[in-house]
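Participant: File model_33.pdb follows (PDB, C-alpha atoms):
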```
ATOM      1  CA  SER A   1      44.746 -34.207 -35.954  1.00  0.00           C
ATOM      2  CA  ILE A   2      47.935 -32.269 -36.567  1.00  0.00           C
ATOM      3  CA  HIS A   3      51.235 -34.164 -36.732  1.00  0.00           C
ATOM      4  CA  HIS A   4      54.554 -32.376 -36.262  1.00  0.00           C
ATOM      5  CA  ARG A   5      58.049 -33.678 -36.780  1.00  0.00           C
ATOM      6  CA  GLU A   6      59.620 -35.463 -33.828  1.00  0.00           C
ATOM      7  CA  GLY A   7      61.026 -33.083 -31.255  1.00  0.00           C
ATOM      8  CA  TYR A   8      58.880 -30.122 -32.331  1.00  0.00           C
ATOM      9  CA  ASN A   9      57.470 -28.164 -29.405  1.00  0.00           C
ATOM     10  CA  PRO A  10      54.840 -25.658 -30.498  1.00  0.00           C
ATOM     11  CA  PRO A  11      55.196 -22.242 -28.871  1.00  0.00           C
ATOM     12  CA  PRO A  12      52.655 -21.409 -26.191  1.00  0.00           C
ATOM     13  CA  VAL A  13      49.708 -19.483 -27.606  1.00  0.00           C
ATOM     14  CA  SER A  14      49.549 -16.038 -26.049  1.00  0.00           C
ATOM     15  CA  SER A  15      48.527 -12.514 -26.947  1.00  0.00           C
ATOM     16  CA  GLU A  16      52.190 -11.708 -27.730  1.00  0.00           C
ATOM     17  CA  ASN A  17      52.477 -14.174 -30.608  1.00  0.00           C
ATOM     18  CA  LEU A  18      49.034 -13.911 -32.216  1.00  0.00           C
ATOM     19  CA  ILE A  19      48.230 -11.365 -34.882  1.00  0.00           C
ATOM     20  CA  GLY A  20      45.175  -9.134 -34.713  1.00  0.00           C
ATOM     21  CA  LEU A  21      43.931  -9.755 -31.161  1.00  0.00           C
ATOM     22  CA  SER A  22      43.599  -6.088 -30.292  1.00  0.00           C
ATOM     23  CA  ARG A  23      41.110  -5.330 -33.051  1.00  0.00           C
ATOM     24  CA  ALA A  24      37.570  -4.848 -31.846  1.00  0.00           C
ATOM     25  CA  ARG A  25      35.034  -7.197 -33.457  1.00  0.00           C
ATOM     26  CA  ARG A  26      32.177  -5.552 -35.294  1.00  0.00           C
ATOM     27  CA  PRO A  27      28.565  -6.561 -34.705  1.00  0.00           C
ATOM     28  CA  HIS A  28      27.614  -8.135 -38.058  1.00  0.00           C
ATOM     29  CA  ASN A  29      26.516 -11.387 -36.440  1.00  0.00           C
ATOM     30  CA  ALA A  30      29.430 -13.352 -37.868  1.00  0.00           C
ATOM     31  CA  ILE A  31      30.604 -16.442 -36.018  1.00  0.00           C
ATOM     32  CA  PHE A  32      34.317 -16.320 -35.217  1.00  0.00           C
ATOM     33  CA  VAL A  33      36.190 -19.593 -34.764  1.00  0.00           C
ATOM     34  CA  ASN A  34      39.661 -20.153 -33.326  1.00  0.00           C
ATOM     35  CA  PHE A  35      41.853 -22.947 -34.658  1.00  0.00           C
ATOM     36  CA  GLU A  36      41.784 -24.595 -31.217  1.00  0.00           C
ATOM     37  CA  ASP A  37      37.966 -24.673 -30.994  1.00  0.00           C
ATOM     38  CA  GLU A  38      36.677 -28.239 -30.960  1.00  0.00           C
ATOM     39  CA  GLU A  39      33.618 -27.768 -33.169  1.00  0.00           C
ATOM     40  CA  VAL A  40      32.727 -25.619 -36.144  1.00  0.00           C
ATOM     41  CA  PRO A  41      29.257 -24.097 -36.559  1.00  0.00           C
ATOM     42  CA  ASN A  42      26.724 -25.807 -38.818  1.00  0.00           C
ATOM     43  CA  LYS A  43      24.440 -22.841 -39.346  1.00  0.00           C
ATOM     44  CA  PRO A  44      24.426 -19.044 -39.057  1.00  0.00           C
ATOM     45  CA  LEU A  45      23.152 -17.040 -36.138  1.00  0.00           C
ATOM     46  CA  GLU A  46      19.464 -16.262 -36.534  1.00  0.00           C
ATOM     47  CA  ALA A  47      20.301 -12.563 -36.100  1.00  0.00           C
ATOM     48  CA  ALA A  48      22.537 -12.702 -39.195  1.00  0.00           C
ATOM     49  CA  VAL A  49      19.764 -14.253 -41.301  1.00  0.00           C
ATOM     50  CA  GLN A  50      17.180 -11.734 -40.060  1.00  0.00           C
ATOM     51  CA  ASN A  51      19.575  -8.817 -40.623  1.00  0.00           C
ATOM     52  CA  TRP A  52      20.135  -9.908 -44.254  1.00  0.00           C
ATOM     53  CA  LYS A  53      16.422 -10.487 -44.906  1.00  0.00           C
ATOM     54  CA  LYS A  54      15.533  -7.090 -43.478  1.00  0.00           C
ATOM     55  CA  LEU A  55      18.077  -5.076 -45.465  1.00  0.00           C
ATOM     56  CA  CYS A  56      18.300  -6.935 -48.764  1.00  0.00           C
ATOM     57  CA  THR A  57      14.955  -7.471 -50.409  1.00  0.00           C
ATOM     58  CA  ASN A  58      15.358  -6.835 -54.149  1.00  0.00           C
ATOM     59  CA  ILE A  59      15.844  -9.470 -56.855  1.00  0.00           C
ATOM     60  CA  ILE A  60      19.485  -8.501 -57.504  1.00  0.00           C
ATOM     61  CA  ASP A  61      20.360  -9.116 -53.839  1.00  0.00           C
ATOM     62  CA  LYS A  62      18.679 -12.514 -53.947  1.00  0.00           C
ATOM     63  CA  ARG A  63      20.635 -13.391 -57.101  1.00  0.00           C
ATOM     64  CA  LEU A  64      23.896 -12.334 -55.415  1.00  0.00           C
ATOM     65  CA  GLU A  65      23.020 -14.458 -52.394  1.00  0.00           C
ATOM     66  CA  GLU A  66      22.580 -17.480 -54.675  1.00  0.00           C
ATOM     67  CA  GLU A  67      25.887 -16.733 -56.422  1.00  0.00           C
ATOM     68  CA  LEU A  68      27.641 -16.590 -53.053  1.00  0.00           C
ATOM     69  CA  LYS A  69      26.122 -19.914 -51.987  1.00  0.00           C
ATOM     70  CA  GLN A  70      27.218 -21.476 -55.294  1.00  0.00           C
ATOM     71  CA  LEU A  71      30.779 -20.251 -54.760  1.00  0.00           C
ATOM     72  CA  PHE A  72      30.867 -21.893 -51.329  1.00  0.00           C
ATOM     73  CA  GLN A  73      29.565 -25.133 -52.889  1.00  0.00           C
ATOM     74  CA  LEU A  74      32.277 -24.942 -55.515  1.00  0.00           C
ATOM     75  CA  ARG A  75      34.945 -24.325 -52.884  1.00  0.00           C
ATOM     76  CA  PRO A  76      34.515 -24.463 -49.080  1.00  0.00           C
ATOM     77  CA  ILE A  77      36.994 -21.728 -48.117  1.00  0.00           C
ATOM     78  CA  TRP A  78      37.302 -18.187 -49.473  1.00  0.00           C
ATOM     79  CA  SER A  79      39.008 -14.909 -48.688  1.00  0.00           C
ATOM     80  CA  ARG A  80      36.906 -11.772 -48.824  1.00  0.00           C
ATOM     81  CA  ASN A  81      39.003 -10.466 -51.733  1.00  0.00           C
ATOM     82  CA  ALA A  82      38.569 -13.677 -53.751  1.00  0.00           C
ATOM     83  CA  LEU A  83      34.802 -13.452 -53.253  1.00  0.00           C
ATOM     84  CA  LYS A  84      34.725  -9.792 -54.275  1.00  0.00           C
ATOM     85  CA  SER A  85      36.626 -10.604 -57.461  1.00  0.00           C
ATOM     86  CA  ASN A  86      34.205 -13.427 -58.353  1.00  0.00           C
ATOM     87  CA  ILE A  87      30.901 -11.657 -57.775  1.00  0.00           C
ATOM     88  CA  GLY A  88      30.197  -8.001 -58.295  1.00  0.00           C
ATOM     89  CA  ILE A  89      28.833  -7.058 -54.908  1.00  0.00           C
ATOM     90  CA  ASN A  90      28.921  -3.950 -52.795  1.00  0.00           C
ATOM     91  CA  PRO A  91      31.386  -4.562 -49.911  1.00  0.00           C
ATOM     92  CA  GLU A  92      28.782  -3.497 -47.337  1.00  0.00           C
ATOM     93  CA  LYS A  93      26.279  -6.038 -48.647  1.00  0.00           C
ATOM     94  CA  LEU A  94      28.960  -8.736 -48.696  1.00  0.00           C
ATOM     95  CA  LYS A  95      29.672  -7.925 -45.049  1.00  0.00           C
ATOM     96  CA  LEU A  96      26.020  -8.629 -44.232  1.00  0.00           C
ATOM     97  CA  MET A  97      25.667 -11.658 -46.499  1.00  0.00           C
ATOM     98  CA  LEU A  98      28.832 -13.594 -45.548  1.00  0.00           C
ATOM     99  CA  PRO A  99      27.731 -14.436 -41.968  1.00  0.00           C
ATOM    100  CA  CYS A 100      24.686 -16.170 -43.491  1.00  0.00           C
ATOM    101  CA  VAL A 101      26.753 -18.721 -45.425  1.00  0.00           C
ATOM    102  CA  ALA A 102      30.093 -19.037 -43.620  1.00  0.00           C
ATOM    103  CA  TYR A 103      32.027 -18.595 -40.394  1.00  0.00           C
ATOM    104  CA  TYR A 104      35.273 -16.651 -39.998  1.00  0.00           C
ATOM    105  CA  MET A 105      38.540 -18.284 -38.878  1.00  0.00           C
ATOM    106  CA  LEU A 106      40.492 -16.082 -36.476  1.00  0.00           C
ATOM    107  CA  THR A 107      43.657 -18.130 -35.961  1.00  0.00           C
ATOM    108  CA  GLY A 108      45.621 -20.971 -37.498  1.00  0.00           C
ATOM    109  CA  PRO A 109      46.434 -21.854 -41.111  1.00  0.00           C
ATOM    110  CA  TRP A 110      43.060 -20.594 -42.393  1.00  0.00           C
ATOM    111  CA  ARG A 111      43.232 -17.331 -40.446  1.00  0.00           C
ATOM    112  CA  SER A 112      41.201 -14.492 -41.963  1.00  0.00           C
ATOM    113  CA  LEU A 113      39.291 -16.799 -44.326  1.00  0.00           C
ATOM    114  CA  TRP A 114      35.566 -17.535 -44.548  1.00  0.00           C
ATOM    115  CA  VAL A 115      34.634 -21.224 -44.267  1.00  0.00           C
ATOM    116  CA  ARG A 116      31.324 -22.792 -45.323  1.00  0.00           C
ATOM    117  CA  PHE A 117      29.101 -23.772 -42.385  1.00  0.00           C
ATOM    118  CA  GLY A 118      29.579 -27.388 -41.335  1.00  0.00           C
ATOM    119  CA  TYR A 119      32.966 -27.710 -43.069  1.00  0.00           C
ATOM    120  CA  ASP A 120      35.964 -28.294 -40.797  1.00  0.00           C
ATOM    121  CA  PRO A 121      39.232 -27.726 -42.700  1.00  0.00           C
ATOM    122  CA  ARG A 122      41.233 -29.341 -39.866  1.00  0.00           C
ATOM    123  CA  LYS A 123      39.581 -32.693 -40.579  1.00  0.00           C
ATOM    124  CA  THR A 124      39.945 -32.592 -44.358  1.00  0.00           C
ATOM    125  CA  PRO A 125      43.489 -32.981 -45.742  1.00  0.00           C
ATOM    126  CA  GLU A 126      42.403 -31.458 -49.075  1.00  0.00           C
ATOM    127  CA  SER A 127      41.922 -28.147 -47.238  1.00  0.00           C
ATOM    128  CA  LYS A 128      45.661 -27.580 -47.110  1.00  0.00           C
ATOM    129  CA  ILE A 129      45.515 -25.831 -50.489  1.00  0.00           C
ATOM    130  CA  TYR A 130      43.498 -22.995 -48.936  1.00  0.00           C
ATOM    131  CA  GLN A 131      45.933 -22.241 -46.092  1.00  0.00           C
ATOM    132  CA  VAL A 132      47.076 -18.654 -45.710  1.00  0.00           C
ATOM    133  CA  LEU A 133      50.724 -17.840 -46.172  1.00  0.00           C
ATOM    134  CA  ASP A 134      51.195 -14.654 -44.175  1.00  0.00           C
ATOM    135  CA  PHE A 135      54.526 -12.923 -44.522  1.00  0.00           C
ATOM    136  CA  ARG A 136      55.416  -9.401 -43.563  1.00  0.00           C
ATOM    137  CA  ILE A 137      58.425  -7.266 -44.354  1.00  0.00           C
ATOM    138  CA  ARG A 138      59.102  -5.189 -41.278  1.00  0.00           C
ATOM    139  CA  CYS A 139      61.887  -2.933 -42.577  1.00  0.00           C
ATOM    140  CA  GLY A 140      62.164  -1.299 -45.910  1.00  0.00           C
ATOM    141  CA  MET A 141      62.558   1.887 -47.843  1.00  0.00           C
ATOM    142  CA  LYS A 142      59.509   3.244 -46.036  1.00  0.00           C
ATOM    143  CA  TYR A 143      61.710   3.424 -42.915  1.00  0.00           C
ATOM    144  CA  GLY A 144      64.679   5.027 -44.663  1.00  0.00           C
ATOM    145  CA  TYR A 145      66.568   1.862 -45.611  1.00  0.00           C
ATOM    146  CA  THR A 146      68.029   1.273 -49.044  1.00  0.00           C
ATOM    147  CA  PRO A 147      67.957  -2.296 -50.388  1.00  0.00           C
ATOM    148  CA  ASN A 148      71.614  -2.797 -49.358  1.00  0.00           C
ATOM    149  CA  ASP A 149      71.056  -1.457 -45.816  1.00  0.00           C
ATOM    150  CA  ILE A 150      68.103  -3.629 -44.778  1.00  0.00           C
ATOM    151  CA  PRO A 151      69.179  -5.298 -41.514  1.00  0.00           C
ATOM    152  CA  VAL A 152      67.546  -8.680 -42.261  1.00  0.00           C
ATOM    153  CA  LYS A 153      68.674 -10.140 -45.580  1.00  0.00           C
ATOM    154  CA  ALA A 154      66.503 -12.479 -47.624  1.00  0.00           C
ATOM    155  CA  LYS A 155      67.518 -16.148 -47.479  1.00  0.00           C
ATOM    156  CA  ARG A 156      67.162 -16.506 -51.234  1.00  0.00           C
ATOM    157  CA  SER A 157      66.467 -14.327 -54.211  1.00  0.00           C
ATOM    158  CA  THR A 158      62.836 -13.825 -55.156  1.00  0.00           C
ATOM    159  CA  TYR A 159      63.900 -14.749 -58.689  1.00  0.00           C
ATOM    160  CA  ASN A 160      64.784 -18.338 -57.752  1.00  0.00           C
ATOM    161  CA  TYR A 161      61.289 -19.550 -56.938  1.00  0.00           C
ATOM    162  CA  SER A 162      59.517 -22.003 -59.193  1.00  0.00           C
ATOM    163  CA  LEU A 163      55.968 -23.201 -59.379  1.00  0.00           C
ATOM    164  CA  PRO A 164      55.158 -26.663 -58.027  1.00  0.00           C
ATOM    165  CA  ILE A 165      54.567 -27.837 -61.602  1.00  0.00           C
ATOM    166  CA  THR A 166      58.047 -26.881 -62.820  1.00  0.00           C
ATOM    167  CA  ILE A 167      60.970 -29.289 -62.880  1.00  0.00           C
ATOM    168  CA  ASN A 168      64.503 -28.297 -61.960  1.00  0.00           C
ATOM    169  CA  THR A 169      66.498 -30.410 -64.419  1.00  0.00           C
ATOM    170  CA  LYS A 170      69.807 -29.659 -62.656  1.00  0.00           C
ATOM    171  CA  LYS A 171      68.606 -31.202 -59.382  1.00  0.00           C
ATOM    172  CA  SER A 172      66.356 -33.958 -60.674  1.00  0.00           C
ATOM    173  CA  GLY A 173      68.600 -35.343 -63.413  1.00  0.00           C
ATOM    174  CA  LEU A 174      65.627 -35.314 -65.809  1.00  0.00           C
ATOM    175  CA  GLN A 175      66.083 -34.191 -69.366  1.00  0.00           C
ATOM    176  CA  LYS A 176      64.104 -31.414 -70.914  1.00  0.00           C
ATOM    177  CA  ILE A 177      61.576 -32.213 -73.590  1.00  0.00           C
ATOM    178  CA  ASN A 178      60.711 -29.822 -76.363  1.00  0.00           C
ATOM    179  CA  MET A 179      57.639 -29.355 -78.543  1.00  0.00           C
ATOM    180  CA  HIS A 180      59.231 -31.306 -81.402  1.00  0.00           C
ATOM    181  CA  ASP A 181      59.628 -34.358 -79.122  1.00  0.00           C
ATOM    182  CA  LEU A 182      55.997 -34.072 -78.016  1.00  0.00           C
ATOM    183  CA  LYS A 183      54.688 -33.818 -81.582  1.00  0.00           C
ATOM    184  CA  HIS A 184      56.861 -36.690 -82.727  1.00  0.00           C
ATOM    185  CA  GLY A 185      55.475 -38.857 -79.901  1.00  0.00           C
ATOM    186  CA  GLN A 186      51.916 -38.135 -81.071  1.00  0.00           C
ATOM    187  CA  ASP A 187      52.654 -39.348 -84.587  1.00  0.00           C
ATOM    188  CA  ARG A 188      53.439 -42.862 -83.369  1.00  0.00           C
ATOM    189  CA  LYS A 189      50.692 -45.442 -83.568  1.00  0.00           C
ATOM    190  CA  SER A 190      50.324 -47.450 -80.365  1.00  0.00           C
TER     191      SER A 190
END
```
What does the file become when written as structure tokens?

Facilitator:
Amino acid sequence: SIHHREGYNPPPVSSENLIGLSRARRPHNAIFVNFEDEEVPNKPLEAAVQNWKKLCTNIIDKRLEEELKQLFQLRPIWSRNALKSNIGINPEKLKLMLPCVAYYMLTGPWRSLWVRFGYDPRKTPESKIYQVLDFRIRCGMKYGYTPNDIPVKAKRSTYNYSLPITINTKKSGLQKINMHDLKHGQDRKS
């Protein structure tokens, strides 16, 4: 279950505050799941399996299908782009193959991602690392603004971000360690 801070009232879900509701769904036999749906599918639609079997019969296609299944065993949630960069597959074939191994999340933190059948990211805390961070810049030079004229200013500079593995020594009070210190520590016998 999802826990929010005390006093948080989630906005009502409506067509005004959801992204991508107006897009027509294409008939590739994919299963679409909303974040609010109680259950996730355990298997593909039979039509998806039959469609793939009918159109993809050569040995290369079968090898690609196995590679795709292995990727979903390695990791339960993927974006289409991440899959395309990990296996060399024609986008049209990927479109037919994906509904055989995964369902598509329409809303929520895993929106626009493909999730392995039977896996429910809402029930697995480890799934948080796959959540989508969707940000959009509405105004920009494309609309005739210069960087100084943009009506909504950034809260912080893009140059002040650090990776989760970095330490801010000014805030934490920790001291930096250099390579010499590390090497010296290895020389000691414990």

Participant: Please evaluate the PyMOL selection byres ((chain A and resi 79-86) around 8) against the structure above and give the resulting residues as a ChimeraX atom specification.

Facilitator: /A:68,77-78,87-89,91,112-114

Participant: Could you tell me, as a PDB file with C-alpha atoms, in the coordinates of the input, exactly which residues end up selected when the PyMOL selection byres ((chain A and resi 105-109) around 8) is applied to this structure?

Facilitator:
```
ATOM      1  CA  LEU A  18      49.034 -13.911 -32.216  1.00  0.00           C
ATOM      2  CA  PHE A  32      34.317 -16.320 -35.217  1.00  0.00           C
ATOM      3  CA  VAL A  33      36.190 -19.593 -34.764  1.00  0.00           C
ATOM      4  CA  ASN A  34      39.661 -20.153 -33.326  1.00  0.00           C
ATOM      5  CA  PHE A  35      41.853 -22.947 -34.658  1.00  0.00           C
ATOM      6  CA  TYR A 103      32.027 -18.595 -40.394  1.00  0.00           C
ATOM      7  CA  TYR A 104      35.273 -16.651 -39.998  1.00  0.00           C
ATOM      8  CA  TRP A 110      43.060 -20.594 -42.393  1.00  0.00           C
ATOM      9  CA  ARG A 111      43.232 -17.331 -40.446  1.00  0.00           C
ATOM     10  CA  SER A 112      41.201 -14.492 -41.963  1.00  0.00           C
ATOM     11  CA  LEU A 113      39.291 -16.799 -44.326  1.00  0.00           C
ATOM     12  CA  TRP A 114      35.566 -17.535 -44.548  1.00  0.00           C
ATOM     13  CA  VAL A 115      34.634 -21.224 -44.267  1.00  0.00           C
ATOM     14  CA  GLN A 131      45.933 -22.241 -46.092  1.00  0.00           C
ATOM     15  CA  VAL A 132      47.076 -18.654 -45.710  1.00  0.00           C
ATOM     16  CA  LEU A 133      50.724 -17.840 -46.172  1.00  0.00           C
TER      17      LEU A 133
END
```

Participant: Could you list the residues chosen by the PyMOL selection byres ((chain A and resi 93-98) around 8) in this structure as an MDAnalysis selection string?

Facilitator: chainID A and resid 28 30 48 51:52 65 89:92 99:103 114

Participant: May I ask for the distance between CA of Arg116 (chain A) and CA of Pro76 (chain A), given in Å to one decimal place?

Facilitator: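 Atom-to-atom, CA of Arg116 (chain A) and CA of Pro76 (chain A) are spaced 5.2 Å apart.
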
Participant: CA of Leu45 (chain A) and CA of Ser127 (chain A), how far apart in Å?

Facilitator: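 These two atoms are separated by 24.5 Å.
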
Participant: What's the separation between CA of Pro44 (chain A) and CA of Thr57 (chain A), in Å to one decimal place?

Facilitator: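 CA of Thr57 (chain A) lies 18.8 Å from CA of Pro44 (chain A).
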